[in-house]
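Right, one structure below, let's go through it.
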Amino acid sequence: MFINRKEKVIKMKISVILTSYNHEKFLRQSIESVLDQTYQDFEFIIVDDCSTDHSWKIICEYKDRYPQIIAIRHDYNWHGGSIDDAVRNYASGDYIAVHHSDDIWMKDKLEKQVDFIRSRPEYAAVFTNAEAIDDEENAYTDENGFYYRLFRTENKNRKEWLRYFFYQGNCLCHPSILIRKDVYAENDFFRKGLCQIPDFVKWIQICRRHEIYVLPQALVKFRIHGSGRNTSGMRAETQIRSSVELFLMLEEYAAIANREEFLEIFPEAGSYAKKEAFLPEYAFGKVCTQAGAQSYTRLFGIKLLYQALNDPQKAHMMEKHYGYTKREFMNENGKYDIFGILPEAFEQTRSIYVDCGNGFSSQKVYQEQFMFRDVEEFCWTCRLAENEGGQIKGLRFDPAEGLMVKVKIERVTVNGADAEFQEENALCSREGWQLFLNLDPIYTIKLPDALAAGESLSVCIEGKMKRLGTAAAGQAVMEVMYEKRDMIYEYQGEAAAAKKSFNEARQQQERLEQQINMQEQKNAELERCLKEQERKNCELDAQLQKIKSSRWYRLAEKVHLFDR
């Protein structure tokens, strides 16, 4: 079962650290999932961050049963730092595995990870995919939900991971990690002051220097609490704090000073990273301020460009090699309302981009300036001149720039004929409205099939648009996360009832099948007895024939015949 102290001194290579805080309902299952591992060469450290429920009592019960467990309790709630302290002062393994008090490990988790590390020691850490579950251990079934595919990912090299982290965010499950202790301790463990994404920043730091691997099997069950009590839950305070921490996270990318490495991560930035004039602040600043960037990313890019402009040598290089001056800086800063502080009415731009076979670009765009208040109804007719020879392949409509909005497109016509349209990057749709939180709302328009080559185009777009403030946007995100929960629970109840009926029917069918099998066995036994009786009858007939052919039988027949 669990390793004893003597074995630990000789063989132990892994330190399992389980962090605990107010999860008495799930704690026993979490602890048992460690104790039941098929790979047993580890030490077990449990750190309770001053829980106010019965968690510490449960931990002490296991400590009494398994004296090898190292149990630590904080005198006050540390709000982070438990893992750092445990690794520094208690862990003696060469590798660290992290576990949480509300999650569950599969029995072969450590075994599979150890087998991989032994065969591929060049990897500094190995994660696993994870399955999201609710408080009752039901699978997370909302296919449109945030956590549905979050911890299901494919492997990449470290530079591909860095690109993925920048554009897509975190997809690695912390309680699935097995990592070399020395790598975990690099950069003084975790950045101080981070509450929502300290592990995410750590993954970026690790991938700056080391390769990582993700086992495809879901060897961890990651619990999503219905009340949103996860540290990373979709509460308003966590969303606000996350934006601040993601802004700070970008410092890790700003530290990339090698041009070749930078371009492997951001190959689209070649025009910002010339070989003869590579300025990390300018190159990464331009990446951060590209179209569609999040507000915190754009602000970070502005900060980098501002700092470079105020360094005379760097400012000279930017102007000489990139044509970038304070004028370009000022023009860019007037495009996006990063802080949501625009007045009641302000100038805005709506645009139609034209694809003539090479994709959408700013070289083929029609725009209209308008004064936007919080709510606007619009009907914009735009005449396009590019369709000579029928080269226009598609249209893109951007109803606004640099704003979080919700839009309702009521009709699109091309030369008077209705045209199909589709939103491309909305958070969700409700009652015909699309909610856009990424500051760059986009619709694509499909041209009618009946257009003649060379025919000029007149595009008319009718709709409504409303501005979304930060509070409304945060509320929308939360509602999208949780609005389907009751429906899911109802479906789960119906599914459970159907499953129960199915199981009862299957049990009845199995009983009938058992009765049929028993009857078939009886029939087979009767048939065997019948055949046995027939065999005996045949033997008796044979014996009778033998008797009848004997001399004595024939003599007896003659005697009887004489008597008659």
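Convention: chains lettered A, B, ... in structure tokens order; per-chain residue numbering from 1; ligands numbered from 1 as shown.
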Please report, as a ChimeraX atom specification, each residue of stretch 95-284 of chain A to which DSSP assigns strand (DSSP E) when run on this structure's backbone.
/A:95-100,104-105,123-133,178-180,211-223
Write the residues you've just listed into a file as a compact mmCIF listing (two decimals), in the first residue's frame, and include C-alpha atoms for each of them.
```
# COMPACT_ATOMS: atom_id res chain seq x y z
CA TYR A 95 10.28 15.64 -8.91
CA ILE A 96 7.24 17.53 -7.64
CA ALA A 97 3.60 16.51 -8.21
CA VAL A 98 0.89 19.00 -7.20
CA HIS A 99 -2.62 18.03 -6.12
CA HIS A 100 -5.64 20.00 -4.85
CA ILE A 104 -9.13 13.47 -8.08
CA TRP A 105 -6.22 11.53 -9.59
CA TYR A 123 11.33 16.99 -20.90
CA ALA A 124 11.37 19.09 -17.73
CA ALA A 125 7.70 18.54 -16.93
CA VAL A 126 4.89 16.25 -17.98
CA PHE A 127 1.23 17.20 -17.62
CA THR A 128 -1.88 15.18 -18.43
CA ASN A 129 -5.19 16.10 -19.94
CA ALA A 130 -8.00 16.49 -17.42
CA GLU A 131 -11.74 15.90 -17.19
CA ALA A 132 -13.90 18.66 -15.71
CA ILE A 133 -16.51 17.49 -13.17
CA LEU A 178 4.97 16.22 -12.58
CA ILE A 179 8.00 18.51 -12.80
CA ARG A 180 11.68 18.49 -11.95
CA GLU A 211 10.31 21.54 -23.20
CA ILE A 212 7.11 20.20 -21.65
CA TYR A 213 4.78 17.34 -22.60
CA VAL A 214 1.08 16.61 -22.08
CA LEU A 215 -0.06 12.99 -21.85
CA PRO A 216 -3.24 12.57 -23.94
CA GLN A 217 -5.08 10.59 -21.25
CA ALA A 218 -7.36 12.49 -18.83
CA LEU A 219 -5.68 11.33 -15.62
CA VAL A 220 -7.09 14.10 -13.39
CA LYS A 221 -10.67 15.03 -12.56
CA PHE A 222 -10.74 18.80 -12.11
CA ARG A 223 -13.73 19.97 -10.10
```
So that I can see what lies close to stretch 416-419 of chain A, please list as an MDAnalysis selection string the residues with an atom at most 9 Å from it, counting only C-alpha atoms and leaving out residues fewer than 5 positions away in the same chain.
chainID A and resid 411 445:448 458:460
For A:Glu281, find every residue with an atom within 8 Å (counting only C-alpha atoms), except residues of its own chain fewer than 6 positions away, and show them as a VMD selection string.
chain A and resid 254 304 to 305 307 to 308
List every residue of stretch 452-473 of chain A that has an atom at most 10 Å from any atom of stretch 234-251 of chain A, giving for each one its closest atom pair and the distance in Å to one decimal, counting only C-alpha atoms, sorted by chain and then by ascending residue number, as JSON lines.
```
{"residue": "A:Thr470", "atom": "CA", "partner": "A:Ile240", "partner_atom": "CA", "distance": 9.2}
{"residue": "A:Ala471", "atom": "CA", "partner": "A:Ala236", "partner_atom": "CA", "distance": 8.2}
{"residue": "A:Ala473", "atom": "CA", "partner": "A:Ala236", "partner_atom": "CA", "distance": 9.8}
```
Would you export the selected residues with C-alpha atoms as an mmCIF file, in the first residue's frame, please?
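Dumped everything to out_30.cif:
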```
data_model
loop_
_atom_site.group_PDB
_atom_site.id
_atom_site.type_symbol
_atom_site.label_atom_id
_atom_site.label_comp_id
_atom_site.auth_asym_id
_atom_site.auth_seq_id
_atom_site.Cartn_x
_atom_site.Cartn_y
_atom_site.Cartn_z
ATOM 1 C CA THR A 470 -17.149 46.881 -18.291
ATOM 2 C CA ALA A 471 -19.714 45.824 -15.677
ATOM 3 C CA ALA A 473 -19.475 42.792 -20.161
#
```
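With only C-alpha atoms as the atoms that count, the minimum distance from A:Phe370 to the choices A:Lys274, A:Arg209, A:Lys25, A:Arg350 is reached by A:Arg350.
Of the listed residues (A:Asn138, A:Ser119, A:His316, A:Arg191), A:Asn138 comes nearest to A:Ala496; the distances count only C-alpha atoms.
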I want to know what sits within 8 Å of stretch 351-361 of chain A, based on only C-alpha atoms, with residues of the same chain fewer than 3 positions away left out; could you give that as an NGL selection string?
:A and (364-368 or 391-400)
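Excluding A:Ala293 itself and any same-chain residue fewer than 6 positions from it, the protein and nucleic acid residues within 10 Å of it, counting only C-alpha atoms, are Tyr167, Val287, Leu299, Gly301, Gly402, Asn438, Leu439 and Asp440 of chain A.
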Contacts of A:Arg430 at 12 Å (only C-alpha atoms; same-chain gap of 2+ positions) as a ChimeraX atom specification:
/A:406-408,426-428,432-436,476,479-480,483
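Among A:Ala315, A:Tyr322, A:Leu309, A:Ile302, the residue with the shortest atom-to-atom distance to A:Gly334, counting only C-alpha atoms, is A:Ile302.
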Neighbours of A:Tyr62 within 12 Å (only C-alpha atoms; same-chain residues fewer than 4 positions away dropped), as a PyMOL selection string?
chain A and resi 2+27-32+34-35+44-46+55-58+66-71
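Atom CA of A:Asn187 is positioned 25.7 Å from atom CA of A:Leu110.
Restricting the calculation to only C-alpha atoms, the smallest distance between A:Ser33 and any of A:Asp103, A:Asp48, A:Gly93, A:Tyr21 is found for A:Asp103.
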I need the residues of stretch 118-303 of chain A that end up classed as helix (DSSP H, G or I) by DSSP on the backbone, written out as JSON, numbers by chain.
{"A": [118, 119, 158, 159, 160, 161, 162, 163, 164, 165, 166, 167, 168, 174, 175, 176, 181, 182, 183, 184, 186, 187, 188, 198, 199, 200, 201, 202, 203, 204, 205, 206, 207, 236, 237, 238, 239, 240, 241, 242, 243, 244, 245, 246, 247, 248, 249, 251, 252, 253, 254, 259, 260, 261, 262, 263, 264, 265, 267, 268, 269, 270, 271, 272, 275, 276, 277, 280, 281, 282, 283, 284, 285, 286, 287, 288, 295, 296, 297, 298, 299, 300, 301, 302, 303]}
